[in-house]
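Visitor: target.pdb (PDB, N, CA, C and O atoms) pasted underneath:
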```pdb
ATOM      1  N   MET F1225     -45.660  90.700 211.977
ATOM      2  CA  MET F1225     -44.937  91.332 213.043
ATOM      3  C   MET F1225     -45.323  92.806 213.088
ATOM      4  O   MET F1225     -45.227  93.530 212.111
ATOM      5  N   THR F1226     -45.743  93.251 214.245
ATOM      6  CA  THR F1226     -46.124  94.653 214.404
ATOM      7  C   THR F1226     -45.082  95.365 215.240
ATOM      8  O   THR F1226     -44.507  94.796 216.158
ATOM      9  N   MET F1227     -44.858  96.601 214.901
ATOM     10  CA  MET F1227     -43.881  97.397 215.650
ATOM     11  C   MET F1227     -44.637  98.506 216.368
ATOM     12  O   MET F1227     -45.494  99.161 215.786
ATOM     13  N   THR F1228     -44.304  98.703 217.591
ATOM     14  CA  THR F1228     -44.932  99.779 218.351
ATOM     15  C   THR F1228     -44.031 101.001 218.323
ATOM     16  O   THR F1228     -42.806 100.895 218.249
ATOM     17  N   ALA F1229     -44.636 102.144 218.378
ATOM     18  CA  ALA F1229     -43.870 103.391 218.385
ATOM     19  C   ALA F1229     -43.152 103.513 219.723
ATOM     20  O   ALA F1229     -43.714 103.255 220.775
ATOM     21  N   THR F1230     -41.919 103.893 219.657
ATOM     22  CA  THR F1230     -41.169 104.050 220.897
ATOM     23  C   THR F1230     -41.462 105.413 221.502
ATOM     24  O   THR F1230     -41.610 106.411 220.789
ATOM     25  N   GLN F1231     -41.559 105.443 222.779
ATOM     26  CA  GLN F1231     -41.806 106.695 223.494
ATOM     27  C   GLN F1231     -40.491 107.428 223.699
ATOM     28  O   GLN F1231     -39.490 106.812 224.056
ATOM     29  N   PRO F1232     -40.462 108.739 223.456
ATOM     30  CA  PRO F1232     -39.229 109.472 223.745
ATOM     31  C   PRO F1232     -38.983 109.486 225.254
ATOM     32  O   PRO F1232     -39.912 109.422 226.045
ATOM     33  N   ALA F1233     -37.731 109.549 225.611
ATOM     34  CA  ALA F1233     -37.393 109.551 227.029
ATOM     35  C   ALA F1233     -37.918 110.829 227.676
ATOM     36  O   ALA F1233     -37.687 111.934 227.185
ATOM     37  N   ASN F1234     -38.645 110.650 228.733
ATOM     38  CA  ASN F1234     -39.188 111.803 229.454
ATOM     39  C   ASN F1234     -38.118 112.377 230.367
ATOM     40  O   ASN F1234     -37.525 111.668 231.165
ATOM     41  N   THR F1235     -37.890 113.681 230.228
ATOM     42  CA  THR F1235     -36.949 114.314 231.140
ATOM     43  C   THR F1235     -37.677 114.614 232.441
ATOM     44  O   THR F1235     -38.865 114.941 232.426
ATOM     45  N   PRO F1236     -36.986 114.501 233.547
ATOM     46  CA  PRO F1236     -37.640 114.798 234.824
ATOM     47  C   PRO F1236     -38.133 116.238 234.862
ATOM     48  O   PRO F1236     -37.551 117.139 234.255
ATOM     49  N   THR F1237     -39.212 116.458 235.591
ATOM     50  CA  THR F1237     -39.813 117.795 235.606
ATOM     51  C   THR F1237     -38.905 118.820 236.266
ATOM     52  O   THR F1237     -38.963 119.988 235.926
ATOM     53  N   PHE F1238     -38.060 118.388 237.209
ATOM     54  CA  PHE F1238     -37.189 119.373 237.847
ATOM     55  C   PHE F1238     -36.161 119.931 236.866
ATOM     56  O   PHE F1238     -35.683 121.040 237.038
ATOM     57  N   LEU F1239     -35.812 119.189 235.821
ATOM     58  CA  LEU F1239     -34.893 119.726 234.813
ATOM     59  C   LEU F1239     -35.599 120.701 233.879
ATOM     60  O   LEU F1239     -34.994 121.644 233.382
ATOM     61  N   LYS F1240     -36.887 120.478 233.637
ATOM     62  CA  LYS F1240     -37.631 121.392 232.763
ATOM     63  C   LYS F1240     -37.862 122.732 233.439
ATOM     64  O   LYS F1240     -37.904 123.761 232.776
ATOM     65  N   ASN F1241     -38.018 122.725 234.754
ATOM     66  CA  ASN F1241     -38.339 123.955 235.477
ATOM     67  C   ASN F1241     -37.101 124.696 235.975
ATOM     68  O   ASN F1241     -37.234 125.689 236.669
ATOM     69  N   GLU F1242     -35.939 124.227 235.637
ATOM     70  CA  GLU F1242     -34.699 124.827 236.123
ATOM     71  C   GLU F1242     -34.425 126.147 235.395
ATOM     72  O   GLU F1242     -34.558 126.233 234.185
ATOM     73  N   PRO F1243     -34.045 127.202 236.125
ATOM     74  CA  PRO F1243     -33.731 128.488 235.479
ATOM     75  C   PRO F1243     -32.317 128.474 234.900
ATOM     76  O   PRO F1243     -31.369 128.966 235.510
ATOM     77  N   TRP F1244     -32.161 127.900 233.723
ATOM     78  CA  TRP F1244     -30.830 127.701 233.142
ATOM     79  C   TRP F1244     -30.121 129.008 232.848
ATOM     80  O   TRP F1244     -28.896 129.089 232.921
ATOM     81  N   GLY F1245     -30.854 130.060 232.522
ATOM     82  CA  GLY F1245     -30.224 131.356 232.261
ATOM     83  C   GLY F1245     -29.546 131.920 233.498
ATOM     84  O   GLY F1245     -28.460 132.492 233.422
ATOM     85  N   ILE F1246     -30.180 131.733 234.654
ATOM     86  CA  ILE F1246     -29.597 132.221 235.904
ATOM     87  C   ILE F1246     -28.337 131.429 236.232
ATOM     88  O   ILE F1246     -27.317 131.995 236.633
ATOM     89  N   TRP F1247     -28.391 130.102 236.048
ATOM     90  CA  TRP F1247     -27.211 129.278 236.314
ATOM     91  C   TRP F1247     -26.060 129.653 235.374
ATOM     92  O   TRP F1247     -24.904 129.682 235.782
ATOM     93  N   ALA F1248     -26.376 129.951 234.127
ATOM     94  CA  ALA F1248     -25.337 130.361 233.176
ATOM     95  C   ALA F1248     -24.723 131.695 233.593
ATOM     96  O   ALA F1248     -23.508 131.886 233.493
ATOM     97  N   GLY F1249     -25.551 132.614 234.076
ATOM     98  CA  GLY F1249     -25.044 133.897 234.554
ATOM     99  C   GLY F1249     -24.141 133.746 235.762
ATOM    100  O   GLY F1249     -23.091 134.392 235.849
ATOM    101  N   ILE F1250     -24.531 132.882 236.698
ATOM    102  CA  ILE F1250     -23.706 132.636 237.880
ATOM    103  C   ILE F1250     -22.363 132.029 237.471
ATOM    104  O   ILE F1250     -21.306 132.433 237.969
ATOM    105  N   LEU F1251     -22.410 131.069 236.555
ATOM    106  CA  LEU F1251     -21.173 130.439 236.090
ATOM    107  C   LEU F1251     -20.271 131.455 235.395
ATOM    108  O   LEU F1251     -19.054 131.448 235.576
ATOM    109  N   PHE F1252     -20.855 132.360 234.619
ATOM    110  CA  PHE F1252     -20.076 133.396 233.935
ATOM    111  C   PHE F1252     -19.399 134.323 234.936
ATOM    112  O   PHE F1252     -18.223 134.666 234.783
ATOM    113  N   VAL F1253     -20.128 134.722 235.974
ATOM    114  CA  VAL F1253     -19.558 135.613 236.986
ATOM    115  C   VAL F1253     -18.412 134.926 237.718
ATOM    116  O   VAL F1253     -17.352 135.521 237.927
ATOM    117  N   ILE F1254     -18.599 133.669 238.097
ATOM    118  CA  ILE F1254     -17.548 132.942 238.801
ATOM    119  C   ILE F1254     -16.313 132.780 237.915
ATOM    120  O   ILE F1254     -15.182 132.973 238.357
ATOM    121  N   ALA F1255     -16.531 132.451 236.644
ATOM    122  CA  ALA F1255     -15.398 132.302 235.722
ATOM    123  C   ALA F1255     -14.668 133.626 235.534
ATOM    124  O   ALA F1255     -13.431 133.661 235.457
ATOM    125  N   THR F1256     -15.402 134.721 235.479
ATOM    126  CA  THR F1256     -14.779 136.042 235.337
ATOM    127  C   THR F1256     -13.948 136.393 236.571
ATOM    128  O   THR F1256     -12.834 136.907 236.449
ATOM    129  N   LEU F1257     -14.489 136.096 237.752
ATOM    130  CA  LEU F1257     -13.746 136.389 238.977
ATOM    131  C   LEU F1257     -12.470 135.555 239.068
ATOM    132  O   LEU F1257     -11.410 136.063 239.434
ATOM    133  N   VAL F1258     -12.569 134.283 238.741
ATOM    134  CA  VAL F1258     -11.393 133.416 238.789
ATOM    135  C   VAL F1258     -10.348 133.886 237.783
ATOM    136  O   VAL F1258      -9.153 133.950 238.089
ATOM    137  N   THR F1259     -10.782 134.256 236.594
ATOM    138  CA  THR F1259      -9.851 134.754 235.576
ATOM    139  C   THR F1259      -9.172 136.045 236.038
ATOM    140  O   THR F1259      -7.965 136.224 235.839
ATOM    141  N   ALA F1260      -9.935 136.930 236.661
ATOM    142  CA  ALA F1260      -9.357 138.190 237.143
ATOM    143  C   ALA F1260      -8.338 137.932 238.233
ATOM    144  O   ALA F1260      -7.273 138.565 238.258
ATOM    145  N   ILE F1261      -8.626 137.000 239.133
ATOM    146  CA  ILE F1261      -7.683 136.712 240.213
ATOM    147  C   ILE F1261      -6.420 136.055 239.665
ATOM    148  O   ILE F1261      -5.304 136.397 240.062
ATOM    149  N   VAL F1262      -6.580 135.122 238.741
ATOM    150  CA  VAL F1262      -5.421 134.404 238.205
ATOM    151  C   VAL F1262      -4.525 135.331 237.392
ATOM    152  O   VAL F1262      -3.295 135.257 237.484
ATOM    153  N   THR F1263      -5.117 136.203 236.606
ATOM    154  CA  THR F1263      -4.306 137.040 235.723
ATOM    155  C   THR F1263      -3.735 138.272 236.416
ATOM    156  O   THR F1263      -2.589 138.645 236.166
ATOM    157  N   MET F1264      -4.531 138.925 237.290
ATOM    158  CA  MET F1264      -4.089 140.197 237.864
ATOM    159  C   MET F1264      -3.997 140.191 239.382
ATOM    160  O   MET F1264      -3.666 141.213 239.977
ATOM    161  N   GLY F1265      -4.333 139.102 240.032
ATOM    162  CA  GLY F1265      -4.247 139.044 241.488
ATOM    163  C   GLY F1265      -5.383 139.812 242.153
ATOM    164  O   GLY F1265      -6.444 140.029 241.581
ATOM    165  N   LEU F1266      -5.144 140.248 243.367
ATOM    166  CA  LEU F1266      -6.160 140.956 244.143
ATOM    167  C   LEU F1266      -6.592 142.278 243.500
ATOM    168  O   LEU F1266      -7.784 142.597 243.493
ATOM    169  N   PRO F1267      -5.675 143.071 242.921
ATOM    170  CA  PRO F1267      -6.137 144.285 242.226
ATOM    171  C   PRO F1267      -7.085 143.973 241.065
ATOM    172  O   PRO F1267      -8.001 144.741 240.784
ATOM    173  N   GLY F1268      -6.878 142.846 240.409
ATOM    174  CA  GLY F1268      -7.784 142.455 239.334
ATOM    175  C   GLY F1268      -9.167 142.124 239.842
ATOM    176  O   GLY F1268     -10.176 142.445 239.212
ATOM    177  N   LEU F1269      -9.222 141.498 241.021
ATOM    178  CA  LEU F1269     -10.523 141.194 241.626
ATOM    179  C   LEU F1269     -11.262 142.478 241.957
ATOM    180  O   LEU F1269     -12.458 142.604 241.705
ATOM    181  N   VAL F1270     -10.544 143.447 242.510
ATOM    182  CA  VAL F1270     -11.161 144.739 242.826
ATOM    183  C   VAL F1270     -11.600 145.436 241.543
ATOM    184  O   VAL F1270     -12.694 146.010 241.475
ATOM    185  N   LEU F1271     -10.756 145.363 240.509
ATOM    186  CA  LEU F1271     -11.068 146.001 239.231
ATOM    187  C   LEU F1271     -12.337 145.430 238.606
ATOM    188  O   LEU F1271     -13.104 146.148 237.965
ATOM    189  N   VAL F1272     -12.594 144.156 238.813
ATOM    190  CA  VAL F1272     -13.779 143.530 238.244
ATOM    191  C   VAL F1272     -14.994 143.713 239.148
ATOM    192  O   VAL F1272     -16.096 143.975 238.686
ATOM    193  N   MET F1273     -14.796 143.607 240.457
ATOM    194  CA  MET F1273     -15.945 143.584 241.363
ATOM    195  C   MET F1273     -16.557 144.960 241.609
ATOM    196  O   MET F1273     -17.759 145.056 241.845
ATOM    197  N   VAL F1274     -15.772 146.019 241.589
ATOM    198  CA  VAL F1274     -16.342 147.346 241.844
ATOM    199  C   VAL F1274     -17.353 147.726 240.765
ATOM    200  O   VAL F1274     -18.497 148.093 241.077
ATOM    201  N   PRO F1275     -17.038 147.620 239.469
ATOM    202  CA  PRO F1275     -18.070 147.914 238.466
ATOM    203  C   PRO F1275     -19.240 146.927 238.513
ATOM    204  O   PRO F1275     -20.387 147.316 238.292
ATOM    205  N   ALA F1276     -18.959 145.671 238.842
ATOM    206  CA  ALA F1276     -20.047 144.693 238.932
ATOM    207  C   ALA F1276     -20.994 145.051 240.069
ATOM    208  O   ALA F1276     -22.219 144.955 239.925
ATOM    209  N   ALA F1277     -20.449 145.457 241.195
ATOM    210  CA  ALA F1277     -21.293 145.835 242.327
ATOM    211  C   ALA F1277     -22.110 147.082 242.010
ATOM    212  O   ALA F1277     -23.302 147.163 242.355
ATOM    213  N   LEU F1278     -21.507 148.052 241.354
ATOM    214  CA  LEU F1278     -22.252 149.253 240.972
ATOM    215  C   LEU F1278     -23.352 148.923 239.959
ATOM    216  O   LEU F1278     -24.459 149.466 240.032
ATOM    217  N   GLY F1279     -23.048 148.032 239.022
ATOM    218  CA  GLY F1279     -24.064 147.615 238.061
ATOM    219  C   GLY F1279     -25.216 146.878 238.721
ATOM    220  O   GLY F1279     -26.382 147.094 238.371
ATOM    221  N   MET F1280     -24.911 146.015 239.682
ATOM    222  CA  MET F1280     -25.979 145.305 240.388
ATOM    223  C   MET F1280     -26.827 146.272 241.203
ATOM    224  O   MET F1280     -28.046 146.120 241.296
ATOM    225  N   LEU F1281     -26.190 147.287 241.791
ATOM    226  CA  LEU F1281     -26.935 148.292 242.539
ATOM    227  C   LEU F1281     -27.865 149.077 241.617
ATOM    228  O   LEU F1281     -29.024 149.339 241.963
ATOM    229  N   ALA F1282     -27.386 149.437 240.448
ATOM    230  CA  ALA F1282     -28.221 150.150 239.478
ATOM    231  C   ALA F1282     -29.394 149.278 239.017
ATOM    232  O   ALA F1282     -30.534 149.745 238.922
ATOM    233  N   LEU F1283     -29.115 148.006 238.760
ATOM    234  CA  LEU F1283     -30.180 147.091 238.358
ATOM    235  C   LEU F1283     -31.220 146.929 239.464
ATOM    236  O   LEU F1283     -32.421 146.920 239.197
ATOM    237  N   LEU F1284     -30.752 146.833 240.705
ATOM    238  CA  LEU F1284     -31.672 146.717 241.828
ATOM    239  C   LEU F1284     -32.532 147.970 241.952
ATOM    240  O   LEU F1284     -33.737 147.877 242.231
ATOM    241  N   CYS F1285     -31.945 149.143 241.725
ATOM    242  CA  CYS F1285     -32.728 150.390 241.760
ATOM    243  C   CYS F1285     -33.782 150.400 240.664
ATOM    244  O   CYS F1285     -34.915 150.849 240.900
ATOM    245  N   PHE F1286     -33.441 149.912 239.469
ATOM    246  CA  PHE F1286     -34.433 149.841 238.404
ATOM    247  C   PHE F1286     -35.576 148.900 238.761
ATOM    248  O   PHE F1286     -36.737 149.179 238.484
ATOM    249  N   ILE F1287     -35.249 147.791 239.414
ATOM    250  CA  ILE F1287     -36.283 146.830 239.796
ATOM    251  C   ILE F1287     -37.174 147.387 240.893
ATOM    252  O   ILE F1287     -38.398 147.293 240.826
ATOM    253  N   VAL F1288     -36.568 148.008 241.909
ATOM    254  CA  VAL F1288     -37.335 148.479 243.061
ATOM    255  C   VAL F1288     -38.157 149.722 242.722
ATOM    256  O   VAL F1288     -39.337 149.802 243.039
ATOM    257  N   PHE F1289     -37.535 150.681 242.054
ATOM    258  CA  PHE F1289     -38.204 151.948 241.814
ATOM    259  C   PHE F1289     -38.887 152.035 240.452
ATOM    260  O   PHE F1289     -39.498 153.036 240.129
ATOM    261  N   GLY F1290     -38.763 151.004 239.654
ATOM    262  CA  GLY F1290     -39.458 150.954 238.374
ATOM    263  C   GLY F1290     -38.785 151.761 237.341
ATOM    264  O   GLY F1290     -39.117 152.363 236.470
TER     265      GLY F1290
END
```
Could you write out this file's structure as C-alpha coordinates?
Guide:
Amino acid sequence: MTMTATQPANTPTFLKNEPWGIWAGILFVIATLVTAIVTMGLPGLVLVMVPAALGMLALLCFIVFG
(Lines of atoms letter the chains of each structure in order from A and count residues from 1; the text may use other names and numbers.)
(Lines give C-alpha, C1' and ligand atoms only; values in the text may rest on other atoms or scores of the structure.)
Protein backbone atom coordinates (compact mmCIF):
# COMPACT_ATOMS: atom_id res chain seq x y z
CA MET A 1 0.00 0.00 0.00
CA THR A 2 1.44 3.34 -1.03
CA MET A 3 0.46 6.66 0.44
CA THR A 4 0.57 9.84 -1.54
CA ALA A 5 1.49 13.15 0.00
CA THR A 6 -1.50 15.33 0.57
CA GLN A 7 -1.49 18.76 -0.98
CA PRO A 8 -2.06 21.68 1.38
CA ALA A 9 -5.22 23.59 0.69
CA ASN A 10 -4.52 26.42 -1.70
CA THR A 11 -5.87 29.74 -0.56
CA PRO A 12 -7.46 31.81 -3.30
CA THR A 13 -5.18 34.44 -4.77
CA PHE A 14 -7.54 37.28 -3.89
CA LEU A 15 -7.01 36.49 -0.19
CA LYS A 16 -3.23 36.54 -0.57
CA ASN A 17 -3.27 39.94 -2.27
CA GLU A 18 -5.63 41.56 0.22
CA PRO A 19 -4.21 44.58 2.14
CA TRP A 20 -5.02 43.23 5.61
CA GLY A 21 -3.23 46.07 7.40
CA ILE A 22 -5.47 48.65 5.75
CA TRP A 23 -8.60 46.67 6.64
CA ALA A 24 -7.41 46.40 10.25
CA GLY A 25 -6.84 50.16 10.35
CA ILE A 26 -10.32 50.86 8.98
CA LEU A 27 -11.86 48.50 11.52
CA PHE A 28 -9.91 50.20 14.34
CA VAL A 29 -11.12 53.65 13.27
CA ILE A 30 -14.74 52.51 13.05
CA ALA A 31 -14.54 50.83 16.46
CA THR A 32 -13.01 53.98 17.96
CA LEU A 33 -15.76 56.17 16.51
CA VAL A 34 -18.51 53.87 17.74
CA THR A 35 -16.94 53.74 21.21
CA ALA A 36 -16.67 57.53 21.32
CA ILE A 37 -20.30 57.97 20.31
CA VAL A 38 -21.58 55.37 22.77
CA THR A 39 -19.60 56.64 25.73
CA MET A 40 -19.62 60.43 25.22
CA GLY A 41 -22.26 61.13 22.57
CA LEU A 42 -21.78 63.75 19.87
CA PRO A 43 -19.11 65.73 21.81
CA GLY A 44 -17.10 62.51 22.02
CA LEU A 45 -17.30 62.09 18.26
CA VAL A 46 -16.02 65.63 17.79
CA LEU A 47 -13.31 65.03 20.40
CA VAL A 48 -12.06 62.00 18.48
CA MET A 49 -12.54 63.19 14.90
CA VAL A 50 -10.87 66.62 15.11
CA PRO A 51 -7.43 65.24 16.08
CA ALA A 52 -7.89 62.37 13.62
CA ALA A 53 -8.64 64.78 10.79
CA LEU A 54 -5.64 66.94 11.67
CA GLY A 55 -3.43 63.86 11.81
CA MET A 56 -4.65 62.67 8.41
CA LEU A 57 -4.00 66.14 6.98
CA ALA A 58 -0.45 66.09 8.36
CA LEU A 59 0.13 62.60 6.95
CA LEU A 60 -1.20 63.70 3.57
CA CYS A 61 1.19 66.69 3.61
CA PHE A 62 4.10 64.35 4.34
CA ILE A 63 3.09 62.12 1.44
CA VAL A 64 2.52 64.94 -1.05
CA PHE A 65 5.41 67.22 -0.17
CA GLY A 66 7.88 64.53 0.86
Visitor: Give me, please, the distance in Å between atom O of Ala1282 of chain F and atom O of Thr1259 of chain F, quoted to one decimal.
Guide: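 One can read the atom O of Ala1282 of chain F to atom O of Thr1259 of chain F distance as 26.5 Å.
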Visitor: By how many Å are atom O of Leu1284 of chain F and atom CA of Trp1244 of chain F apart?
Guide: 22.3 Å
Visitor: Determine, for each residue of segment 1239-1259 of chain F having at least one atom at most 8 Å from an atom of segment 1265-1270 of chain F, the closest pair of atoms and their separation in Å to one decimal, counting only N, CA, C and O atoms; order by chain and ascending number, as a Markdown table.
Guide:
```
| residue | atom | partner | partner_atom | distance |
| --- | --- | --- | --- | --- |
| F:Thr1256 | O | F:Gly1268 | O | 6.7 |
| F:Leu1257 | O | F:Leu1269 | CA | 5.6 |
| F:Val1258 | O | F:Gly1265 | N | 7.3 |
| F:Thr1259 | O | F:Gly1265 | N | 6.2 |
```
Visitor: Give the alpha helix (DSSP H) residues of chain F, as assigned by DSSP on the backbone, as a PyMOL selection string.
Guide: chain F and resi 1237-1240+1244-1289
Visitor: Quick one: distance from atom O of Val1253 of chain F to atom C of Met1273 of chain F in Å, one decimal?
Guide: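 Distance between the two atoms: 10.2 Å.
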